[in-house]
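Raw contents of model-v6.txt, compact mmCIF, C-alpha atoms:
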```
# COMPACT_ATOMS: atom_id res chain seq x y z
CA MET M 9 15.72 10.84 69.75
CA ALA M 10 16.33 11.28 66.01
CA TYR M 11 19.18 13.52 64.91
CA ILE M 12 16.82 15.46 62.60
CA GLU M 13 13.11 15.93 63.24
CA LEU M 14 10.80 17.82 60.91
CA GLU M 15 7.38 18.56 62.36
CA ASN M 16 4.64 19.82 60.01
CA ILE M 17 7.13 21.72 57.84
CA SER M 18 5.65 23.79 54.99
CA PHE M 19 7.50 25.99 52.51
CA GLU M 20 6.11 28.28 49.82
CA TYR M 21 8.09 30.12 47.16
CA PRO M 22 7.44 33.86 46.52
CA ASN M 23 5.38 32.96 43.43
CA GLN M 24 2.99 31.14 45.81
CA THR M 25 4.12 27.66 44.73
CA LEU M 26 3.63 25.39 47.74
CA ALA M 27 6.76 23.24 47.53
CA LEU M 28 6.44 21.44 50.87
CA ASN M 29 3.13 20.73 52.57
CA GLN M 30 3.05 19.51 56.19
CA ILE M 31 6.23 17.43 56.05
CA ASN M 32 6.94 15.13 59.00
CA LEU M 33 10.23 13.29 58.87
CA SER M 34 12.86 11.87 61.21
CA VAL M 35 16.47 11.05 60.34
CA GLU M 36 18.54 8.91 62.65
CA LYS M 37 22.26 9.43 63.14
CA GLY M 38 24.29 7.22 60.79
CA GLN M 39 21.26 6.47 58.61
CA LYS M 40 21.30 5.95 54.84
CA LEU M 41 18.10 7.67 53.73
CA ALA M 42 16.91 8.02 50.15
CA VAL M 43 14.23 10.43 48.92
CA VAL M 44 12.47 9.55 45.68
CA GLY M 45 9.70 11.09 43.61
CA GLU M 46 8.94 12.63 40.24
CA ASN M 47 10.50 15.92 39.16
CA GLY M 48 8.69 18.68 41.04
CA SER M 49 7.74 16.40 43.93
CA GLY M 50 9.61 18.60 46.44
CA LYS M 51 12.89 16.72 46.90
CA SER M 52 15.21 19.66 46.22
CA SER M 53 13.03 22.04 48.25
CA LEU M 54 13.21 19.61 51.16
CA PHE M 55 17.01 19.54 50.93
CA LEU M 56 17.25 23.34 50.75
CA CYS M 57 15.23 23.55 53.96
CA LEU M 58 17.30 20.86 55.65
CA CYS M 59 20.55 22.71 54.96
CA GLY M 60 19.21 26.16 55.93
CA ILE M 61 19.22 27.84 52.51
CA HIS M 62 15.42 28.02 52.66
CA TYR M 63 13.54 28.49 55.90
CA PRO M 64 10.05 27.00 56.26
CA GLN M 65 7.12 29.32 56.89
CA SER M 66 5.55 26.90 59.36
CA GLY M 67 6.45 23.88 61.43
CA ARG M 68 9.52 23.00 63.48
CA TYR M 69 12.99 21.87 62.42
CA ILE M 70 14.80 20.14 65.28
CA LEU M 71 18.49 19.33 64.81
CA ASP M 72 20.30 17.33 67.47
CA GLY M 73 17.65 18.27 70.05
CA GLU M 74 17.65 22.02 69.25
CA VAL M 75 14.86 23.87 67.43
CA GLN M 76 16.31 25.79 64.48
CA LYS M 77 15.14 29.38 64.12
CA CYS M 78 15.43 31.88 61.31
CA LYS M 79 18.34 33.72 62.91
CA ARG M 80 21.90 34.20 61.67
CA LYS M 81 23.52 32.27 64.54
CA ASP M 82 21.16 29.32 64.08
CA ARG M 83 21.82 29.16 60.35
CA ASN M 84 25.57 29.43 60.81
CA LYS M 85 25.44 26.50 63.23
CA LEU M 86 23.23 24.57 60.81
CA PHE M 87 25.70 25.13 57.98
CA THR M 88 28.48 23.51 60.04
CA LYS M 89 26.41 20.39 60.78
CA VAL M 90 24.54 19.80 57.53
CA GLY M 91 26.41 19.85 54.23
CA TYR M 92 24.65 20.09 50.88
CA VAL M 93 26.02 18.86 47.55
CA PHE M 94 23.99 20.40 44.72
CA GLN M 95 22.88 18.33 41.75
CA ASP M 96 24.88 20.57 39.40
CA PRO M 97 28.49 20.96 40.60
CA GLU M 98 28.87 24.13 38.52
CA VAL M 99 26.80 25.89 41.20
CA GLN M 100 29.46 25.15 43.83
CA LEU M 101 32.78 25.47 42.01
CA PHE M 102 34.23 28.97 41.64
CA ALA M 103 37.89 29.13 42.79
CA SER M 104 40.91 29.26 40.46
CA THR M 105 42.14 25.77 41.43
CA VAL M 106 40.60 22.57 42.78
CA GLU M 107 42.66 22.82 45.98
CA LYS M 108 41.44 26.36 46.69
CA ASP M 109 37.87 25.35 45.98
CA ILE M 110 37.95 22.36 48.33
CA SER M 111 39.59 24.32 51.16
CA PHE M 112 37.40 27.44 50.88
CA GLY M 113 34.63 26.37 53.28
CA ALA M 114 37.00 24.84 55.80
CA ILE M 115 39.17 27.98 55.92
CA ASN M 116 36.10 30.19 56.36
CA ALA M 117 35.05 27.94 59.25
CA GLY M 118 38.36 28.70 60.97
CA MET M 119 40.37 25.62 60.07
CA LYS M 120 44.07 26.24 59.49
CA GLY M 121 47.58 24.85 59.81
CA GLU M 122 48.08 21.15 60.39
CA ALA M 123 44.39 20.52 60.95
CA LEU M 124 43.57 21.99 57.54
CA GLU M 125 46.35 20.00 55.86
CA LEU M 126 45.18 16.73 57.43
CA CYS M 127 41.58 17.47 56.47
CA MET M 128 42.52 18.25 52.87
CA ASN M 129 44.59 15.09 52.56
CA GLU M 130 41.73 13.00 53.92
CA VAL M 131 38.96 14.38 51.72
CA MET M 132 41.08 14.47 48.56
CA ALA M 133 42.11 10.85 49.11
CA MET M 134 38.51 9.77 49.69
CA THR M 135 37.21 11.62 46.62
CA GLN M 136 40.20 10.84 44.37
CA THR M 137 40.86 14.52 43.72
CA ARG M 138 44.48 14.81 44.88
CA GLU M 139 45.85 14.61 41.34
CA LEU M 140 43.46 17.39 40.31
CA LYS M 141 44.41 19.91 43.01
CA ASN M 142 46.28 22.35 40.74
CA LYS M 143 43.78 22.26 37.90
CA PRO M 144 41.12 24.95 37.27
CA PRO M 145 37.67 23.44 37.97
CA HIS M 146 36.33 24.53 34.58
CA GLN M 147 38.84 22.19 32.88
CA LEU M 148 37.54 19.09 34.66
CA SER M 149 35.14 16.47 33.38
CA TYR M 150 31.63 16.46 34.80
CA GLY M 151 32.36 13.45 37.00
CA GLN M 152 35.52 15.09 38.34
CA LYS M 153 33.57 18.25 39.12
CA LYS M 154 31.08 16.17 41.08
CA ARG M 155 33.86 14.69 43.18
CA VAL M 156 35.41 18.09 43.83
CA ALA M 157 32.03 19.46 44.92
CA ILE M 158 31.63 16.57 47.37
CA ALA M 159 35.17 17.09 48.66
CA GLY M 160 34.51 20.78 49.31
CA VAL M 161 31.49 19.97 51.45
CA LEU M 162 33.27 17.14 53.29
CA ALA M 163 36.17 19.46 54.17
CA CYS M 164 33.77 21.41 56.39
CA LYS M 165 33.25 18.24 58.49
CA PRO M 166 29.43 18.08 58.42
CA GLU M 167 27.67 15.41 60.46
CA VAL M 168 24.91 15.09 57.85
CA LEU M 169 25.56 15.03 54.11
CA LEU M 170 22.76 15.83 51.67
CA LEU M 171 23.36 14.83 48.05
CA ASP M 172 20.84 15.96 45.43
CA GLU M 173 20.86 13.52 42.50
CA PRO M 174 24.51 12.45 43.02
CA PHE M 175 24.46 10.13 39.97
CA ALA M 176 22.91 12.56 37.47
CA TRP M 177 24.77 12.48 34.12
CA LEU M 178 27.51 10.17 35.41
CA ASP M 179 28.81 7.21 33.43
CA ALA M 180 29.06 3.74 34.99
CA GLN M 181 32.61 4.19 36.34
CA GLN M 182 31.89 7.65 37.76
CA LYS M 183 28.78 6.31 39.45
CA LYS M 184 30.82 3.45 40.92
CA ASN M 185 33.33 5.98 42.29
CA THR M 186 30.54 8.01 43.90
CA ILE M 187 29.01 4.92 45.50
CA GLN M 188 32.43 4.07 46.95
CA ILE M 189 32.57 7.55 48.52
CA LEU M 190 29.13 6.98 50.06
CA ASP M 191 30.23 3.61 51.41
CA ASP M 192 33.38 5.13 52.93
CA LEU M 193 31.33 7.87 54.58
CA HIS M 194 28.91 5.33 55.99
CA GLN M 195 31.85 3.47 57.51
CA GLN M 196 32.69 6.76 59.26
CA GLU M 197 29.11 6.82 60.63
CA LYS M 198 28.13 9.90 58.63
CA THR M 199 24.40 10.46 58.17
CA LEU M 200 23.64 10.32 54.44
CA VAL M 201 20.52 11.66 52.76
CA ILE M 202 20.26 11.45 48.97
CA SER M 203 17.63 12.20 46.39
CA THR M 204 17.73 10.06 43.27
CA HIS M 205 15.74 8.58 40.41
CA ASP M 206 17.83 5.40 40.57
CA ILE M 207 15.34 3.02 42.15
CA ASN M 208 17.62 0.01 41.73
CA PHE M 209 20.37 1.71 43.75
CA VAL M 210 17.86 2.78 46.42
CA TYR M 211 16.62 -0.80 46.80
CA GLU M 212 20.15 -2.09 47.42
CA TRP M 213 21.61 0.80 49.41
CA ALA M 214 19.11 2.68 51.59
CA ASP M 215 17.93 1.60 55.01
CA LYS M 216 15.09 4.14 54.93
CA LEU M 217 13.06 5.43 52.01
CA VAL M 218 10.90 8.55 51.68
CA VAL M 219 8.47 8.71 48.75
CA MET M 220 7.31 12.21 47.79
CA LYS M 221 4.68 13.64 45.46
CA GLU M 222 3.48 17.24 45.01
CA GLY M 223 5.26 18.50 48.12
CA GLN M 224 3.99 15.78 50.42
CA ILE M 225 5.35 12.52 51.78
CA LEU M 226 3.31 9.58 50.51
CA ALA M 227 5.17 6.94 52.50
CA THR M 228 8.18 6.34 54.70
CA GLY M 229 9.75 2.97 55.47
CA HIS M 230 12.28 0.37 54.35
CA PRO M 231 12.74 0.24 50.55
CA HIS M 232 12.28 -3.56 50.51
CA GLU M 233 8.74 -3.05 51.76
CA LEU M 234 7.71 0.19 50.02
CA LEU M 235 9.05 -0.63 46.56
CA LYS M 236 6.96 -3.79 46.21
CA ASP M 237 3.78 -1.79 46.87
CA GLU M 238 2.37 -1.51 43.34
CA ASP M 239 -0.27 1.04 44.32
CA LEU M 240 2.33 3.30 45.91
CA ILE M 241 4.65 2.91 42.91
CA GLU M 242 1.86 3.96 40.55
CA ARG M 243 0.73 6.93 42.69
CA ALA M 244 4.30 8.23 42.97
CA GLY M 245 5.07 7.79 39.26
CA LEU M 246 7.96 5.41 39.98
CA GLU M 247 9.10 2.08 38.60
CA MET M 248 9.52 -1.10 40.58
CA PRO M 249 13.19 -2.17 40.97
CA LEU M 250 14.31 -4.58 38.25
CA VAL M 251 14.99 -7.35 40.75
CA LEU M 252 11.38 -7.16 41.99
CA GLN M 253 10.05 -7.05 38.43
CA LEU M 254 12.01 -10.20 37.70
CA THR M 255 10.88 -12.04 40.83
CA LYS M 256 7.29 -11.11 40.03
CA LYS M 257 7.57 -12.50 36.52
CA LEU M 258 9.18 -15.67 37.83
CA SER M 259 6.71 -15.90 40.72
CA LEU M 260 9.52 -15.93 43.29
CA ASP M 261 9.31 -15.08 46.98
CA SER M 262 10.27 -11.39 47.45
CA THR M 263 11.09 -11.44 51.17
CA PRO M 264 14.49 -9.83 51.99
CA GLU M 265 15.94 -13.23 52.96
CA SER M 266 14.80 -14.91 49.76
CA MET M 267 15.96 -11.95 47.65
CA ALA M 268 19.42 -12.05 49.24
CA ALA M 269 19.68 -15.75 48.46
CA PHE M 270 18.47 -15.19 44.90
CA LEU M 271 20.99 -12.41 44.23
CA LYS M 272 23.86 -14.66 45.34
CA VAL M 273 23.00 -17.27 42.74
```

Rewritten as structure tokens:
Amino acid sequence: MAYIELENISFEYPNQTLALNQINLSVEKGQKLAVVGENGSGKSSLFLCLCGIHYPQSGRYILDGEVQKCKRKDRNKLFTKVGYVFQDPEVQLFASTVEKDISFGAINAGMKGEALELCMNEVMAMTQTRELKNKPPHQLSYGQKKRVAIAGVLACKPEVLLLDEPFAWLDAQQKKNTIQILDDLHQQEKTLVISTHDINFVYEWADKLVVMKEGQILATGHPHELLKDEDLIERAGLEMPLVLQLTKKLSLDSTPESMAAFLKV
């Protein structure tokens, strides 16, 4: 059984914008799942439903075998299991210091004493925010703010981490730091779900890909298969990964085994 199951989920905003239309999706525990699509395709709305900020008007959301309902106790439980890192870290950061900001969610969840100290040390080490702990968040660079926002969510010990456009507006080094955090979390068997426009990263990193357009899922599968489908790429308004563009121009075999051998050259 998948850790997350969405069955015919639909969500409409008060202005009657249908953001999600009959979404069916499964997420396995420990999976690295990427969601791609044009702006307005429904990626952020999907994430807001997954973390419990929005509640779908129809369909079923099953988390770890339990159907989630629009009740306070269900949402509180959902918040402890599914963490959401917003695209813009400014939305999440509000405390007077980085340390207070990172610990806020964990303290509210009842963590204290030695357990809180160990948790803070772990997440600050992973996100390279220890040296920032006494600084006001508004004095940080954008990349530093991103790391602090991730640390604050990780301190709550979620089993699933949702990251909406984690590389947006980051330079090359900041992006490298974020990828290292994702790799470390995967080693801890965290379930990772990201939305991104970085098709090249998706091709290398994800073990499952979801392609969205206009609130619907066009395709689900392994990125090595989906991203060589030219018709799908065109329908979704995406670009083929550079490595596949190159192999196409050079008339090379694009099977995963051949691609792995090619990239080692």

Could you name the residues that touch Gly160 in chain M at 8 Å or less, counting all atoms listed in the file, but leaving out those on the same chain fewer than 6 positions away, as a compact mmCIF listing (two decimals) with C-alpha atoms, in the coordinates of the input?
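Final file, part.txt:
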```
# COMPACT_ATOMS: atom_id res chain seq x y z
CA ASP M 109 37.87 25.35 45.98
CA ILE M 110 37.95 22.36 48.33
CA SER M 111 39.59 24.32 51.16
CA PHE M 112 37.40 27.44 50.88
CA GLY M 113 34.63 26.37 53.28
```

### Query
Which polymer residues have any atom within 9 Å of an atom of Pro145 in chain M, counting only C-alpha atoms, with same-chain residues fewer than 6 positions away left out, as a PyMOL selection string?
chain M and resi 98+101-106+109+152-153+156

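Nearest-residue note for Lys221 in chain M: choosing from M:Ala180, M:Cys127, M:Val44, M:Val35, the minimum distance belongs to M:Val44, counting only C-alpha atoms.
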
### Message
I'd like the interatomic distance between CA of Lys141 in chain M and CA of Leu178 in chain M, to a tenth of an Å.
### Response
20.9 Å

### Summary
re CA of His194 in chain M and CA of Ala114 in chain M: distance 21.1 Å

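Shortest atom-to-atom contact with Lys89 in chain M among M:Leu26, M:Asn16, M:Leu169, M:Pro64: M:Leu169, counting only C-alpha atoms.
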
### Query
Looking at M:Glu46, M:Glu13, M:Glu139, M:Glu107, which one is nearest to Asn32 in chain M, with distances taken over all atoms listed in the file?
M:Glu13

#### Entry: Pairwise distance for CA of Ile12 in chain M and CA of Ile70 in chain M, rounded to one decimal in Å
5.8 Å

Could you rebuild range 102-123 of chain M with N, CA, C and O atoms and give me the result as an mmCIF file, in the coordinates of the input?
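Saved as rebuild15.cif:
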```cif
data_model
loop_
_atom_site.group_PDB
_atom_site.id
_atom_site.type_symbol
_atom_site.label_atom_id
_atom_site.label_comp_id
_atom_site.auth_asym_id
_atom_site.auth_seq_id
_atom_site.Cartn_x
_atom_site.Cartn_y
_atom_site.Cartn_z
ATOM 1 N N PHE M 102 33.992 27.591 42.058
ATOM 2 C CA PHE M 102 34.230 28.970 41.640
ATOM 3 C C PHE M 102 35.690 29.414 41.758
ATOM 4 O O PHE M 102 36.102 30.417 41.167
ATOM 5 N N ALA M 103 36.513 28.709 42.549
ATOM 6 C CA ALA M 103 37.890 29.130 42.790
ATOM 7 C C ALA M 103 38.776 28.853 41.576
ATOM 8 O O ALA M 103 38.386 28.166 40.637
ATOM 9 N N SER M 104 40.002 29.383 41.603
ATOM 10 C CA SER M 104 40.910 29.260 40.460
ATOM 11 C C SER M 104 41.525 27.872 40.350
ATOM 12 O O SER M 104 41.942 27.456 39.267
ATOM 13 N N THR M 105 41.620 27.141 41.464
ATOM 14 C CA THR M 105 42.140 25.770 41.430
ATOM 15 C C THR M 105 41.249 24.867 42.274
ATOM 16 O O THR M 105 40.507 25.334 43.148
ATOM 17 N N VAL M 106 41.359 23.564 42.023
ATOM 18 C CA VAL M 106 40.600 22.570 42.780
ATOM 19 C C VAL M 106 40.945 22.661 44.265
ATOM 20 O O VAL M 106 40.065 22.624 45.132
ATOM 21 N N GLU M 107 42.229 22.768 44.586
ATOM 22 C CA GLU M 107 42.660 22.820 45.980
ATOM 23 C C GLU M 107 42.038 24.004 46.712
ATOM 24 O O GLU M 107 41.553 23.875 47.847
ATOM 25 N N LYS M 108 42.028 25.169 46.075
ATOM 26 C CA LYS M 108 41.440 26.360 46.690
ATOM 27 C C LYS M 108 39.937 26.192 46.872
ATOM 28 O O LYS M 108 39.366 26.636 47.865
ATOM 29 N N ASP M 109 39.318 25.551 45.899
ATOM 30 C CA ASP M 109 37.870 25.350 45.980
ATOM 31 C C ASP M 109 37.511 24.429 47.140
ATOM 32 O O ASP M 109 36.603 24.709 47.923
ATOM 33 N N ILE M 110 38.244 23.319 47.271
ATOM 34 C CA ILE M 110 37.950 22.360 48.330
ATOM 35 C C ILE M 110 38.184 22.951 49.711
ATOM 36 O O ILE M 110 37.420 22.705 50.650
ATOM 37 N N SER M 111 39.220 23.782 49.841
ATOM 38 C CA SER M 111 39.590 24.320 51.160
ATOM 39 C C SER M 111 38.790 25.549 51.561
ATOM 40 O O SER M 111 38.823 25.957 52.728
ATOM 41 N N PHE M 112 38.051 26.152 50.631
ATOM 42 C CA PHE M 112 37.400 27.440 50.880
ATOM 43 C C PHE M 112 36.495 27.404 52.123
ATOM 44 O O PHE M 112 36.614 28.222 53.025
ATOM 45 N N GLY M 113 35.567 26.448 52.165
ATOM 46 C CA GLY M 113 34.630 26.370 53.280
ATOM 47 C C GLY M 113 35.309 26.092 54.602
ATOM 48 O O GLY M 113 34.971 26.685 55.633
ATOM 49 N N ALA M 114 36.287 25.191 54.576
ATOM 50 C CA ALA M 114 37.000 24.840 55.800
ATOM 51 C C ALA M 114 37.766 26.030 56.357
ATOM 52 O O ALA M 114 37.774 26.273 57.579
ATOM 53 N N ILE M 115 38.424 26.795 55.483
ATOM 54 C CA ILE M 115 39.170 27.980 55.920
ATOM 55 C C ILE M 115 38.224 29.019 56.505
ATOM 56 O O ILE M 115 38.493 29.635 57.545
ATOM 57 N N ASN M 116 37.090 29.219 55.852
ATOM 58 C CA ASN M 116 36.100 30.190 56.360
ATOM 59 C C ASN M 116 35.539 29.760 57.707
ATOM 60 O O ASN M 116 35.109 30.613 58.507
ATOM 61 N N ALA M 117 35.534 28.450 57.968
ATOM 62 C CA ALA M 117 35.050 27.940 59.250
ATOM 63 C C ALA M 117 36.111 28.023 60.337
ATOM 64 O O ALA M 117 35.862 27.633 61.480
ATOM 65 N N GLY M 118 37.305 28.505 59.969
ATOM 66 C CA GLY M 118 38.360 28.700 60.970
ATOM 67 C C GLY M 118 39.430 27.632 61.001
ATOM 68 O O GLY M 118 40.330 27.672 61.845
ATOM 69 N N MET M 119 39.358 26.675 60.089
ATOM 70 C CA MET M 119 40.370 25.620 60.070
ATOM 71 C C MET M 119 41.660 26.148 59.455
ATOM 72 O O MET M 119 41.622 26.880 58.459
ATOM 73 N N LYS M 120 42.793 25.776 60.028
ATOM 74 C CA LYS M 120 44.070 26.240 59.490
ATOM 75 C C LYS M 120 45.198 25.311 59.938
ATOM 76 O O LYS M 120 44.997 24.386 60.734
ATOM 77 N N GLY M 121 46.395 25.586 59.396
ATOM 78 C CA GLY M 121 47.580 24.850 59.810
ATOM 79 C C GLY M 121 47.504 23.354 59.551
ATOM 80 O O GLY M 121 46.992 22.895 58.529
ATOM 81 N N GLU M 122 48.007 22.598 60.519
ATOM 82 C CA GLU M 122 48.080 21.150 60.390
ATOM 83 C C GLU M 122 46.705 20.513 60.275
ATOM 84 O O GLU M 122 46.514 19.544 59.535
ATOM 85 N N ALA M 123 45.745 21.065 61.008
ATOM 86 C CA ALA M 123 44.390 20.520 60.950
ATOM 87 C C ALA M 123 43.808 20.643 59.545
ATOM 88 O O ALA M 123 43.171 19.704 59.035
#
```
